[in-house]
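Chemist: Got a structure for you, written out below as structure tokens; questions coming shortly.
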Amino acid sequence: VPPPSEKHRACDLLEYQYGAEKQDGKPLSIVTLCGPFTTKDNLSYDPLQDIMFKISTDKPDVVIMCGPFVDGRQPLLHDGVLTTVDEDGNEKKSTYEEIFYQNVSMLLEEMYLNDRTMKTQFVLVPSVEDAFVDSVYPQPPFVENTMKRNHNHEYGDLGLHFVESAGREEEKKRSNRVHCVSNPCTLKINELTIGVTSSDVLFHISSDECNANLTPGTRMTRIAQHLIQQRSYYPLFPAAKGASLDLAKADQWEMPCQPDILIV
């Protein structure tokens, strides 16, 4: 039995859609991205730069970004020797957090500095493939666990606080631009309820499923229905080979309600 749908009051719907501080009669625009955001032969993050240019032009209301942001499977990161090139062309050793800061946080910060009217909000969803977080499902939101290294830098600094202050340093009251959420998570954006998980659960289910005589083109839809019908973002037990699940926290991948949109 699917979980109950989220209910909304008519006055709330009117406020979301027509409120001067809300949509003001305009349609809600949501963009979803999924990592990895690099190619196999470099760490330049060119694909992410291209899509961010498009986002800065279109200015959607919300961008949901699912990891991995720093993919531990990337050949240049797999051996743990991290070498990046700074603005002067000099090679230097870097941490996983520095790679995130230089290629994700700084890109967002630059976008807000270039256009101070930008109101797009970003939702960051971690992945078990991210190299700088615990690779066990479910995962908590990103946290900047900073530790002093020298006068200029801190270990564990993701740089997201710079995104929040970019171009509005003098403002005392400011809304969040970046929202770090757990994996999986259930979000509410205006009247829409959105379920998100960055685990490859569809592939895991399809690897263990037996079927025959199905209508062509319905396989992925049917597999996704398992998540709704079983009220779970990971409705597979035992878990697929290679998947790292904390069964003591199985309640954290349950669906609290039926989402209007499911992102997997």
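Starting from 1 in every chain, residues are counted up; chains themselves are A, B, ... following the order of the structure tokens, and ligands are numbered from 1 as listed.
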Hey, what's within 7 Å of range 25-36 of chain A if we count only C-alpha atoms and toss same-chain stuff fewer than 5 positions away? As a list in words, please?
Modeler: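 Once the adjacent positions are removed, what remains is Gln17, Tyr18, Pro60, Asp61, Val62, Val63, Ile64, Met65, Cys66, Gly67, Pro68, Phe69 and Asp71 of chain A.
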Chemist: Write out as number ranges by chain which residues come within 8 Å of range 183-195 of chain A when counting only C-alpha atoms, dropping same-chain ones fewer than 6 positions away.
Modeler: A: 6, 8, 12-13, 16, 125-127, 137-141, 233, 252-253, 255-256, 258-263
Chemist: Go ahead and write the selection's residues with C-alpha atoms as a PDB file, in the first residue's frame.
Modeler:
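Wrote selection33.pdb, looks like this:
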```
ATOM      1  CA  GLU A   6       1.018  15.078   1.510  1.00  0.00           C
ATOM      2  CA  HIS A   8      -2.081  21.058   1.234  1.00  0.00           C
ATOM      3  CA  ASP A  12      -1.163  27.683   1.036  1.00  0.00           C
ATOM      4  CA  LEU A  13      -1.366  26.778  -2.651  1.00  0.00           C
ATOM      5  CA  TYR A  16       2.932  29.512  -3.121  1.00  0.00           C
ATOM      6  CA  VAL A 125      22.588  15.330  -1.849  1.00  0.00           C
ATOM      7  CA  PRO A 126      25.633  13.193  -0.926  1.00  0.00           C
ATOM      8  CA  SER A 127      26.520   9.867  -2.523  1.00  0.00           C
ATOM      9  CA  TYR A 137      23.792   4.251   3.357  1.00  0.00           C
ATOM     10  CA  PRO A 138      21.878   6.196   4.694  1.00  0.00           C
ATOM     11  CA  GLN A 139      24.109   9.264   4.777  1.00  0.00           C
ATOM     12  CA  PRO A 140      23.846  12.483   6.788  1.00  0.00           C
ATOM     13  CA  PRO A 141      24.078  15.920   5.116  1.00  0.00           C
ATOM     14  CA  TYR A 233      14.035   4.276  -0.787  1.00  0.00           C
ATOM     15  CA  GLN A 252      15.859   6.369   7.853  1.00  0.00           C
ATOM     16  CA  TRP A 253      15.258   5.143   4.296  1.00  0.00           C
ATOM     17  CA  MET A 255       9.221   7.146   2.907  1.00  0.00           C
ATOM     18  CA  PRO A 256       7.253   9.396   5.270  1.00  0.00           C
ATOM     19  CA  GLN A 258       4.121   9.462  -1.153  1.00  0.00           C
ATOM     20  CA  PRO A 259       6.231  11.962  -3.116  1.00  0.00           C
ATOM     21  CA  ASP A 260       4.844  13.862  -6.082  1.00  0.00           C
ATOM     22  CA  ILE A 261       8.232  13.474  -7.800  1.00  0.00           C
ATOM     23  CA  LEU A 262      10.718  10.649  -7.197  1.00  0.00           C
ATOM     24  CA  ILE A 263      14.368  11.213  -8.184  1.00  0.00           C
TER      25      ILE A 263
END
```
Chemist: Any idea what's packed within 7 Å of range 159-166 of chain A, counting only C-alpha atoms, ignoring anything in its chain fewer than 6 positions away? Could you give it as a PyMOL selection string?
Modeler: chain A and resi 101+105+108-109+112-113+176-177
Chemist: Need the shell around Leu158 in chain A: protein/DNA/RNA residues with any atom at most 9 Å away, counting only C-alpha atoms. Skip same-chain ones fewer than 4 positions apart. Format as a short mmCIF file (atom, residue, chain, number, x, y, z; two decimals) with all heavy atoms, in the first residue's frame?
Modeler:
```
data_model
loop_
_atom_site.label_atom_id
_atom_site.label_comp_id
_atom_site.auth_asym_id
_atom_site.auth_seq_id
_atom_site.Cartn_x
_atom_site.Cartn_y
_atom_site.Cartn_z
N GLU A 97 38.37 17.53 0.30
CA GLU A 97 37.56 18.71 0.60
C GLU A 97 37.99 19.92 -0.23
O GLU A 97 37.16 20.72 -0.66
CB GLU A 97 37.63 19.05 2.09
CG GLU A 97 36.93 18.06 3.01
CD GLU A 97 37.79 16.83 3.33
OE1 GLU A 97 38.94 16.78 2.85
OE2 GLU A 97 37.32 15.95 4.07
N GLU A 98 39.31 20.06 -0.44
CA GLU A 98 39.80 21.17 -1.26
C GLU A 98 39.32 21.04 -2.70
O GLU A 98 39.02 22.04 -3.36
CB GLU A 98 41.33 21.22 -1.21
CG GLU A 98 41.89 21.78 0.08
CD GLU A 98 43.40 21.75 0.13
OE1 GLU A 98 44.00 20.76 -0.35
OE2 GLU A 98 43.99 22.72 0.63
N ILE A 99 39.26 19.82 -3.21
CA ILE A 99 38.77 19.61 -4.57
C ILE A 99 37.31 20.03 -4.66
O ILE A 99 36.88 20.67 -5.63
CB ILE A 99 38.95 18.14 -4.99
CG1 ILE A 99 40.44 17.83 -5.14
CG2 ILE A 99 38.22 17.85 -6.29
CD1 ILE A 99 40.74 16.40 -5.47
N PHE A 100 36.51 19.69 -3.65
CA PHE A 100 35.11 20.13 -3.62
C PHE A 100 35.04 21.65 -3.57
O PHE A 100 34.26 22.27 -4.30
CB PHE A 100 34.41 19.52 -2.41
CG PHE A 100 32.95 19.90 -2.29
CD1 PHE A 100 31.97 19.08 -2.82
CD2 PHE A 100 32.57 21.07 -1.64
CE1 PHE A 100 30.63 19.44 -2.72
CE2 PHE A 100 31.24 21.44 -1.54
CZ PHE A 100 30.27 20.61 -2.09
N TYR A 101 35.84 22.25 -2.70
CA TYR A 101 35.81 23.70 -2.54
C TYR A 101 36.20 24.42 -3.83
O TYR A 101 35.53 25.37 -4.26
CB TYR A 101 36.76 24.09 -1.40
CG TYR A 101 37.01 25.57 -1.28
CD1 TYR A 101 35.97 26.48 -1.20
CD2 TYR A 101 38.31 26.07 -1.27
CE1 TYR A 101 36.20 27.84 -1.10
CE2 TYR A 101 38.56 27.43 -1.16
CZ TYR A 101 37.50 28.31 -1.08
OH TYR A 101 37.74 29.65 -1.00
N GLN A 102 37.28 23.95 -4.47
CA GLN A 102 37.79 24.63 -5.66
C GLN A 102 36.89 24.45 -6.88
O GLN A 102 36.83 25.34 -7.74
CB GLN A 102 39.20 24.12 -5.99
CG GLN A 102 40.24 24.47 -4.93
CD GLN A 102 41.54 23.72 -5.13
OE1 GLN A 102 41.69 22.96 -6.09
NE2 GLN A 102 42.47 23.89 -4.21
N VAL A 104 33.41 23.09 -6.84
CA VAL A 104 31.97 23.19 -6.64
C VAL A 104 31.61 24.49 -5.92
O VAL A 104 30.91 25.34 -6.46
CB VAL A 104 31.43 21.97 -5.85
CG1 VAL A 104 29.91 22.10 -5.67
CG2 VAL A 104 31.75 20.67 -6.58
N SER A 105 32.15 24.68 -4.72
CA SER A 105 31.80 25.86 -3.93
C SER A 105 32.22 27.15 -4.63
O SER A 105 31.46 28.13 -4.69
CB SER A 105 32.44 25.79 -2.55
OG SER A 105 31.94 24.67 -1.83
N PHE A 142 26.08 16.96 4.23
CA PHE A 142 27.46 17.44 4.27
C PHE A 142 27.66 18.35 5.48
O PHE A 142 26.81 19.18 5.81
CB PHE A 142 27.80 18.24 3.00
CG PHE A 142 27.90 17.41 1.76
CD1 PHE A 142 27.45 17.90 0.54
CD2 PHE A 142 28.46 16.14 1.79
CE1 PHE A 142 27.54 17.15 -0.61
CE2 PHE A 142 28.56 15.38 0.64
CZ PHE A 142 28.10 15.88 -0.56
N VAL A 143 28.80 18.18 6.14
CA VAL A 143 29.16 19.01 7.28
C VAL A 143 30.60 19.47 7.09
O VAL A 143 31.46 18.69 6.69
CB VAL A 143 29.04 18.25 8.62
CG1 VAL A 143 29.50 19.13 9.78
CG2 VAL A 143 27.61 17.79 8.84
N GLU A 144 30.86 20.75 7.39
CA GLU A 144 32.21 21.28 7.29
C GLU A 144 32.94 21.05 8.61
O GLU A 144 32.85 21.87 9.53
CB GLU A 144 32.17 22.77 6.94
CG GLU A 144 31.57 23.01 5.57
CD GLU A 144 31.74 24.45 5.10
OE1 GLU A 144 31.04 25.31 5.62
OE2 GLU A 144 32.56 24.67 4.21
N ASN A 145 33.61 19.92 8.71
CA ASN A 145 34.37 19.58 9.92
C ASN A 145 35.76 20.22 9.81
O ASN A 145 36.72 19.59 9.37
CB ASN A 145 34.49 18.06 10.07
CG ASN A 145 33.14 17.41 10.27
OD1 ASN A 145 32.33 17.91 11.05
ND2 ASN A 145 32.89 16.32 9.57
N THR A 146 35.85 21.47 10.18
CA THR A 146 37.09 22.21 9.99
C THR A 146 38.08 21.99 11.12
O THR A 146 37.72 21.82 12.27
CB THR A 146 36.80 23.71 9.86
OG1 THR A 146 36.11 24.15 11.03
CG2 THR A 146 35.95 23.99 8.64
#
```
Chemist: As a PyMOL selection string, please: all residues of range 99-237 of chain A that backbone DSSP puts in strand (DSSP E).
Modeler: chain A and resi 121-125+147-148+154-155+178-180+185-189+192-196
Chemist: Quick check, in Å to one decimal: how far apart do CA of Val264 in chain A and CA of Glu209 in chain A lie?
Modeler: 17.7 Å
Chemist: Counting only C-alpha atoms, figure out which residue out of A:Arg116, A:Arg73, A:Lys92, A:Arg174 gets nearest to Val128 in chain A.
Modeler: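 Smallest distance to Val128 in chain A is found for A:Arg73.
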Chemist: CA of Asp130 in chain A and CA of Thr95 in chain A are how many Å apart?
Modeler: 12.8 Å
Chemist: Residues within 9 Å of Pro235 in chain A, please, as a list in words. Count only C-alpha atoms; anything in the same chain fewer than 6 positions from it doesn't count.
Modeler: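 The filter keeps Val201, Ile205, His226, Leu227, Trp253 and Glu254 of chain A.
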